[in-house]
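Dumped upload.txt below, it's compact mmCIF, C-alpha atoms:
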```
# COMPACT_ATOMS: atom_id res chain seq x y z
CA MET A 28 176.49 150.26 1.77
CA LYS A 29 177.12 146.54 1.53
CA SER A 30 180.57 145.24 2.30
CA GLU A 31 182.21 142.72 -0.02
CA SER A 32 181.73 139.89 2.46
CA GLU A 33 177.94 140.15 2.28
CA PHE A 34 176.11 137.67 0.15
CA VAL A 35 172.82 135.82 -0.01
CA GLY A 36 171.88 132.34 -1.16
CA ASN A 37 168.53 130.63 -1.73
CA VAL A 38 167.90 126.91 -1.98
CA SER A 39 164.55 125.23 -2.75
CA ILE A 40 163.70 121.94 -1.09
CA VAL A 41 161.05 119.44 -2.11
CA GLY A 42 159.25 117.65 0.72
CA HIS A 43 159.58 113.88 1.27
CA GLY A 44 162.96 113.57 -0.48
CA PHE A 45 164.36 111.67 2.48
CA GLU A 46 167.40 110.29 0.69
CA TYR A 47 168.66 113.84 0.07
CA ALA A 48 168.41 115.09 3.66
CA GLY A 49 171.59 116.92 4.61
CA ARG A 50 172.69 117.68 1.08
CA VAL A 51 171.78 121.36 1.27
CA SER A 52 173.62 121.71 4.59
CA ASN A 53 176.73 120.12 3.09
CA GLU A 54 176.63 122.31 -0.03
CA ILE A 55 176.18 125.54 1.94
CA LYS A 56 178.99 124.52 4.28
CA LYS A 57 181.35 124.17 1.28
CA ILE A 58 180.35 127.65 0.05
CA LEU A 59 180.86 129.27 3.47
CA LEU A 60 184.28 127.65 3.93
CA GLU A 61 185.29 128.93 0.48
CA GLN A 62 184.25 132.41 1.64
CA GLY A 63 186.64 132.15 4.58
CA ILE A 64 183.99 132.08 7.34
CA PRO A 65 185.56 130.67 10.57
CA GLU A 66 185.14 126.87 10.90
CA GLY A 67 183.36 126.96 14.27
CA ILE A 68 180.73 129.33 12.87
CA VAL A 69 180.33 127.23 9.73
CA ARG A 70 179.72 124.12 11.88
CA ARG A 71 176.93 125.88 13.79
CA VAL A 72 175.35 127.08 10.53
CA ALA A 73 175.67 123.55 9.11
CA VAL A 74 173.83 122.08 12.13
CA VAL A 75 171.00 124.64 11.95
CA ILE A 76 170.55 124.13 8.21
CA PHE A 77 170.67 120.34 8.63
CA GLU A 78 167.82 120.44 11.14
CA VAL A 79 165.62 122.85 9.15
CA GLU A 80 166.27 120.79 6.03
CA VAL A 81 165.16 117.58 7.80
CA ASN A 82 162.07 119.40 9.06
CA ILE A 83 161.08 120.61 5.58
CA ILE A 84 161.63 117.18 4.05
CA SER A 85 159.71 115.52 6.87
CA TYR A 86 156.72 117.79 7.29
CA ALA A 87 156.28 120.03 4.24
CA GLU A 88 155.40 119.80 0.57
CA THR A 89 157.90 122.43 -0.50
CA GLY A 90 160.14 124.90 1.19
CA PHE A 91 163.20 127.06 0.83
CA ILE A 92 166.20 128.02 2.87
CA ARG A 93 167.71 131.46 2.54
CA TYR A 94 171.05 132.32 4.08
CA GLN A 95 172.55 135.73 4.30
CA VAL A 96 176.16 136.36 5.27
CA LEU A 97 176.74 139.73 6.92
CA PRO A 98 180.02 141.01 8.36
CA ASP A 99 179.02 140.17 11.94
CA SER A 100 176.40 137.45 11.59
CA ILE A 101 174.81 134.81 9.42
CA ILE A 102 171.03 134.82 9.08
CA ILE A 103 169.28 131.60 8.12
CA GLU A 104 165.60 131.63 7.21
CA ALA A 105 163.51 128.60 6.32
CA LYS A 106 159.98 128.84 5.04
CA ASP A 107 157.77 125.97 3.99
CA LYS A 108 154.32 125.14 2.70
CA GLY A 109 153.11 122.25 4.75
CA GLN A 110 151.16 121.00 7.71
CA GLY A 111 152.46 123.62 10.14
CA ILE A 112 152.80 123.22 13.90
CA ALA A 113 149.74 123.32 16.17
CA ASP A 114 151.55 124.00 19.45
CA ILE A 115 154.91 125.70 18.97
CA GLU A 116 155.80 125.67 22.68
CA LEU A 117 155.25 121.93 22.83
CA ALA A 118 157.15 121.33 19.58
CA GLN A 119 160.23 123.04 21.02
CA GLN A 120 160.34 120.73 24.02
CA GLU A 121 163.06 118.10 23.79
CA GLY A 122 161.51 114.71 23.12
CA TYR A 123 158.19 115.91 21.70
CA SER A 124 157.76 114.38 18.27
CA THR A 125 155.16 113.70 15.61
CA ALA A 126 157.62 111.86 13.37
CA ASP A 127 156.69 108.81 11.34
CA ASP A 128 158.81 105.72 10.55
CA LYS A 129 160.40 107.27 7.44
CA ILE A 130 161.87 110.06 9.54
CA ARG A 131 163.02 107.68 12.27
CA GLU A 132 164.78 105.44 9.72
CA MET A 133 167.03 108.42 8.90
CA GLY A 134 168.02 108.65 12.57
CA PHE A 135 165.83 111.65 13.24
CA GLY A 136 162.37 112.18 14.67
CA ALA A 137 163.25 112.04 18.36
CA GLY A 138 161.91 115.52 18.96
CA MET A 139 165.26 117.30 19.11
CA GLY A 140 165.13 119.36 15.91
CA LEU A 141 163.75 122.70 17.06
CA ALA A 142 165.53 122.43 20.41
CA ASN A 143 168.82 121.87 18.56
CA ILE A 144 168.26 124.83 16.24
CA LYS A 145 167.58 127.03 19.26
CA LYS A 146 170.73 125.82 21.04
CA PHE A 147 172.99 126.62 18.12
CA SER A 148 171.41 130.02 17.38
CA ASP A 149 172.13 133.35 19.00
CA VAL A 150 168.66 134.51 17.96
CA PHE A 151 165.83 132.11 17.18
CA GLU A 152 162.33 132.88 15.88
CA ILE A 153 159.52 130.60 14.78
CA ASN A 154 156.04 131.19 13.38
CA SER A 155 153.65 128.60 12.14
CA GLU A 156 150.11 128.23 10.91
CA VAL A 157 148.39 124.87 10.83
CA GLY A 158 147.65 123.76 7.28
CA LYS A 159 149.79 126.52 5.79
CA GLY A 160 153.38 126.19 6.86
CA THR A 161 156.23 127.20 9.12
CA TYR A 162 158.84 129.95 9.17
CA VAL A 163 162.06 129.64 11.15
CA LYS A 164 164.74 132.28 11.52
CA SER A 165 168.14 131.71 13.11
CA ILE A 166 170.88 134.28 13.57
CA ILE A 167 174.42 133.14 14.35
CA ASN A 168 176.83 135.85 15.36
CA ILE A 169 180.31 135.76 13.92
CA ASP A 170 182.37 136.18 17.04
CA LYS A 171 185.89 136.00 15.70
CA LYS A 172 187.37 135.52 19.19
CA ARG A 173 185.21 132.47 19.92
CA SER A 174 185.58 130.75 16.58
CA MET B 29 195.67 106.85 18.42
CA LYS B 30 196.05 106.67 14.68
CA LEU B 31 193.11 105.51 12.56
CA ALA B 32 195.30 102.66 11.26
CA GLU B 33 195.83 101.40 14.84
CA ILE B 34 192.08 101.66 15.53
CA ILE B 35 191.39 99.50 12.48
CA ASP B 36 193.72 96.80 13.89
CA MET B 37 192.30 97.01 17.39
CA LEU B 38 188.68 96.71 16.20
CA ASP B 39 189.48 94.07 13.55
CA ALA B 40 187.76 96.56 11.29
CA GLU B 41 187.31 96.67 7.56
CA LEU B 42 188.30 99.95 5.93
CA ILE B 43 185.47 100.78 3.55
CA VAL B 44 186.48 104.32 2.60
CA GLY B 45 189.78 106.00 3.43
CA THR B 46 193.02 107.20 1.90
CA PRO B 47 196.52 106.33 3.15
CA ASP B 48 196.77 109.91 4.49
CA GLN B 49 193.57 109.49 6.48
CA LEU B 50 194.94 106.34 8.15
CA GLN B 51 197.46 108.63 9.84
CA ILE B 52 194.77 110.86 11.40
CA ASP B 53 195.30 111.03 15.16
CA ILE B 54 192.07 110.30 17.03
CA LYS B 55 191.73 111.56 20.60
CA THR B 56 187.96 111.65 21.16
CA ALA B 57 184.83 109.74 20.19
CA PHE B 58 181.04 109.87 20.28
CA GLY B 59 178.66 106.92 20.05
CA ALA B 60 174.96 107.13 19.09
CA ASP B 61 172.39 105.83 16.65
CA LEU B 62 170.22 108.91 16.93
CA MET B 63 171.45 111.48 14.43
CA SER B 64 169.82 114.44 16.21
CA ASP B 65 172.00 113.65 19.23
CA VAL B 66 175.09 113.40 17.05
CA LEU B 67 174.27 116.80 15.51
CA CYS B 68 173.81 118.36 18.92
CA ASP B 69 176.53 116.77 21.01
CA ALA B 70 179.34 115.42 18.82
CA ARG B 71 182.40 117.60 18.38
CA SER B 72 184.81 118.24 15.53
CA GLY B 73 187.68 115.80 15.23
CA CYS B 74 185.93 112.96 17.06
CA LEU B 75 185.35 109.43 15.81
CA LEU B 76 181.66 108.54 15.45
CA ILE B 77 180.56 105.04 16.46
CA THR B 78 177.10 104.22 15.13
CA GLY B 79 174.89 101.50 13.76
CA LEU B 80 172.95 103.87 11.52
CA THR B 81 173.97 103.22 7.93
CA THR B 82 172.00 105.87 6.01
CA PRO B 83 173.70 108.73 4.10
CA GLN B 84 172.62 111.20 6.81
CA GLY B 85 175.34 109.91 9.17
CA VAL B 86 177.99 110.71 6.58
CA ARG B 87 176.45 114.10 5.85
CA ILE B 88 176.42 114.92 9.58
CA ALA B 89 180.06 113.84 9.84
CA TYR B 90 180.89 116.38 7.14
CA ALA B 91 178.73 119.08 8.78
CA LEU B 92 180.60 118.70 12.08
CA ASP B 93 184.11 117.87 10.78
CA ILE B 94 183.98 114.43 12.38
CA ALA B 95 187.21 112.53 11.70
CA GLY B 96 185.60 109.24 10.66
CA ILE B 97 182.76 106.77 11.24
CA VAL B 98 182.93 103.28 12.71
CA PHE B 99 179.88 101.17 11.89
CA CYS B 100 179.48 98.70 14.74
CA ARG B 101 177.51 95.43 15.06
CA GLY B 102 178.71 94.46 11.58
CA LYS B 103 176.43 97.03 9.95
CA ARG B 104 177.30 97.74 6.35
CA PRO B 105 176.79 101.33 5.17
CA GLN B 106 174.33 101.78 2.33
CA PRO B 107 175.92 102.11 -1.16
CA GLN B 108 174.85 105.76 -1.29
CA SER B 109 176.56 106.40 2.07
CA ILE B 110 179.82 104.99 0.68
CA GLU B 111 179.53 107.13 -2.44
CA ILE B 112 178.91 110.31 -0.40
CA ALA B 113 181.76 109.47 2.02
CA ARG B 114 184.18 109.22 -0.94
CA GLU B 115 182.93 112.54 -2.30
CA LEU B 116 183.17 114.33 1.07
CA GLY B 117 186.37 112.61 2.21
CA ILE B 118 184.99 110.88 5.32
CA PRO B 119 186.75 107.61 6.32
CA LEU B 120 184.36 104.69 6.98
CA LEU B 121 185.21 101.60 9.06
CA ARG B 122 183.15 98.53 9.86
CA THR B 123 183.57 96.29 12.88
CA GLN B 124 181.71 93.20 14.06
CA TYR B 125 181.93 94.37 17.68
CA ILE B 126 178.80 95.74 19.34
CA MET B 127 178.75 99.42 20.27
CA PHE B 128 179.59 98.75 23.94
CA GLU B 129 182.59 96.61 23.07
CA THR B 130 183.77 99.08 20.40
CA CYS B 131 183.57 102.02 22.81
CA GLY B 132 185.20 100.02 25.62
CA ARG B 133 188.16 99.04 23.49
CA LEU B 134 188.70 102.64 22.38
CA PHE B 135 188.35 103.98 25.92
CA GLY B 136 190.83 101.37 27.15
CA GLU B 137 193.37 102.80 24.73
CA GLY B 138 192.91 106.34 26.00
CA ILE B 139 190.28 107.68 23.58
CA ILE B 140 187.85 109.81 25.62
CA GLY B 141 184.33 111.08 24.99
CA CYS B 142 184.26 114.29 22.94
CA ILE B 143 182.08 115.61 25.76
CA ARG B 144 181.73 113.84 29.11
CA GLU B 145 178.16 114.60 29.94
CA ILE B 146 175.19 116.69 28.89
CA CYS B 147 174.88 119.87 30.91
CA ALA B 148 171.30 120.77 31.79
CA GLY B 149 170.20 124.17 30.55
CA ASP B 150 173.25 124.56 28.35
CA SER B 151 172.12 127.22 25.91
CA PHE B 152 175.23 127.45 23.78
CA ARG B 153 177.37 124.55 22.77
CA GLU B 154 180.82 125.21 21.44
CA ILE B 155 181.47 122.97 18.47
```
Could the structure of this file be written out as structure tokens, please?
Amino acid sequence: MKSESEFVGNVSIVGHGFEYAGRVSNEIKKILLEQGIPEGIVRRVAVVIFEVEVNIISYAETGFIRYQVLPDSIIIEAKDKGQGIADIELAQQEGYSTADDKIREMGFGAGMGLANIKKFSDVFEINSEVGKGTYVKSIINIDKKRS
Amino acid sequence: MKLAEIIDMLDAELIVGTPDQLQIDIKTAFGADLMSDVLCDARSGCLLITGLTTPQGVRIAYALDIAGIVFCRGKRPQPQSIEIARELGIPLLRTQYIMFETCGRLFGEGIIGCIREICAGDSFREI
């Protein structure tokens, strides 16, 4: 049985909309704060969503972010249709980047995105297929003592 | 140090900010032009010193509950950044001082880094 605090949201993102990067993160943050999720947890979710959003805008044609609020955790999933990642191990290394000038003008593209998502997640999963797209899953536990 | 005092000390222009926000007490700061580093290492309540004027800086400030942004080197935030800062309630300041001078002046008045150093292998960062 689902508790009242559980809810799910889906947001579609169009690739290459650089001027909008971060908007989805900001909107979801507002929603989570309204739901009474602890601020420290909301900040971690906001960072993870910010990074996946920048990745979708930078490297995919289309994508979506799904977030699910459970009593003890928040699950964030991002799936895109795009170029995919050839070497996932390499892509997770800090400093490895394939970013172009557009991405760097936003202040991103230094090869920190996936590493940052991993750092702020309690559970992190990634799958990718070159020419098809990428799937990222992040779970952030709601530890009421720590937040 | 109150935001109003910081404005005086940095000879800064207040671009966005309410009278209430001028009374915000700032204790810590973070300086960077790379937004991925700000996302990873800045902490809530700090003042962000940056030369990056795109809307993403403002959006990151909101994501992390950063107290305000100082644009150094005389950089003027893009019109869209100003609009978003008003909407999200993020104070924006602009100073002619370079980042080093801006940070030095703040440090001299007792404002400290929101973190002191990056810890190698740090898997979880409390924000």
Q.
Show me, as a PyMOL selection string, every residue of chain A with an atom at most 9 Å from chain B, counting all atoms listed in the file.
A. chain A and resi 46-50+52-53+56+67-74+77-78+131-140+143-149+173-174
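Residues surrounding Ile153 (chain A) within 7 Å are Tyr162, Val163 and Lys164 of chain A [only C-alpha atoms; sequence separation below 4 positions excluded].
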Q: Compile the contact shell of Ile139 (chain B) as a ChimeraX atom specification: residues with an atom at most 10 Å away, counting all atoms listed in the file, same-chain residues fewer than 6 positions apart removed.
A: /B:29,54-57,74-75,131-133
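In this structure, CA of Ser165 (chain A) sits 14.2 Å away from CA of Gln119 (chain A).
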(Q) For a test of reading the model, state the distance in Å between CA of Lys103 (chain B) and CA of Tyr123 (chain A), rounded to one decimal. (A) 28.8 Å
Q | Nearby residues (all atoms listed in the file) at most 8 Å from Phe34 (chain A), same-chain spacing under 6 positions excluded, as a list of chain:residue names | A | A:Gln95, A:Val96, A:Leu97
Hey, can you spit out that residue selection with C-alpha atoms as a tab-separated table (two decimals), in the frame of the given file?
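File written: selection.tsv
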```tsv
chain	number	residue	atom	x	y	z
A	95	GLN	CA	172.55	135.73	4.30
A	96	VAL	CA	176.16	136.36	5.27
A	97	LEU	CA	176.74	139.73	6.92
```
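For the pair CA of Ile34 (chain B) and CA of Ile143 (chain B), the interatomic distance is 20.0 Å.
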Q) Can you list, as an NGL selection string, every protein, DNA or RNA residue that comes within 7 Å of Ile84 (chain A) when you count all atoms listed in the file, leaving out same-chain residues fewer than 2 positions away? A) :A and (41-45 or 80-82 or 86-87)
Restricted to C-alpha atoms, what would the selected residues look like written as an mmCIF file, in the frame of the given file?
```
data_model
loop_
_atom_site.group_PDB
_atom_site.id
_atom_site.type_symbol
_atom_site.label_atom_id
_atom_site.label_comp_id
_atom_site.auth_asym_id
_atom_site.auth_seq_id
_atom_site.Cartn_x
_atom_site.Cartn_y
_atom_site.Cartn_z
ATOM 1 C CA VAL A 41 161.050 119.440 -2.110
ATOM 2 C CA GLY A 42 159.250 117.650 0.720
ATOM 3 C CA HIS A 43 159.580 113.880 1.270
ATOM 4 C CA GLY A 44 162.960 113.570 -0.480
ATOM 5 C CA PHE A 45 164.360 111.670 2.480
ATOM 6 C CA GLU A 80 166.270 120.790 6.030
ATOM 7 C CA VAL A 81 165.160 117.580 7.800
ATOM 8 C CA ASN A 82 162.070 119.400 9.060
ATOM 9 C CA TYR A 86 156.720 117.790 7.290
ATOM 10 C CA ALA A 87 156.280 120.030 4.240
#
```
Box for region 94-102 of chain A - axis-aligned, 6 Å on each of the six sides, all listed atoms - centre and size in Å to one decimal, as JSON.
```
{"center_x": 175.5, "center_y": 136.7, "center_z": 8.0, "size_x": 21.0, "size_y": 20.7, "size_z": 19.9}
```
Q: Determine, counting only C-alpha atoms, which protein, DNA and RNA residues have an atom within 8 Å of an atom of Ile110 (chain B); residues of the same chain fewer than 2 positions away are not included. Present the result as number ranges by chain.
A: B: 43-44, 83, 105-108, 112-114, 120
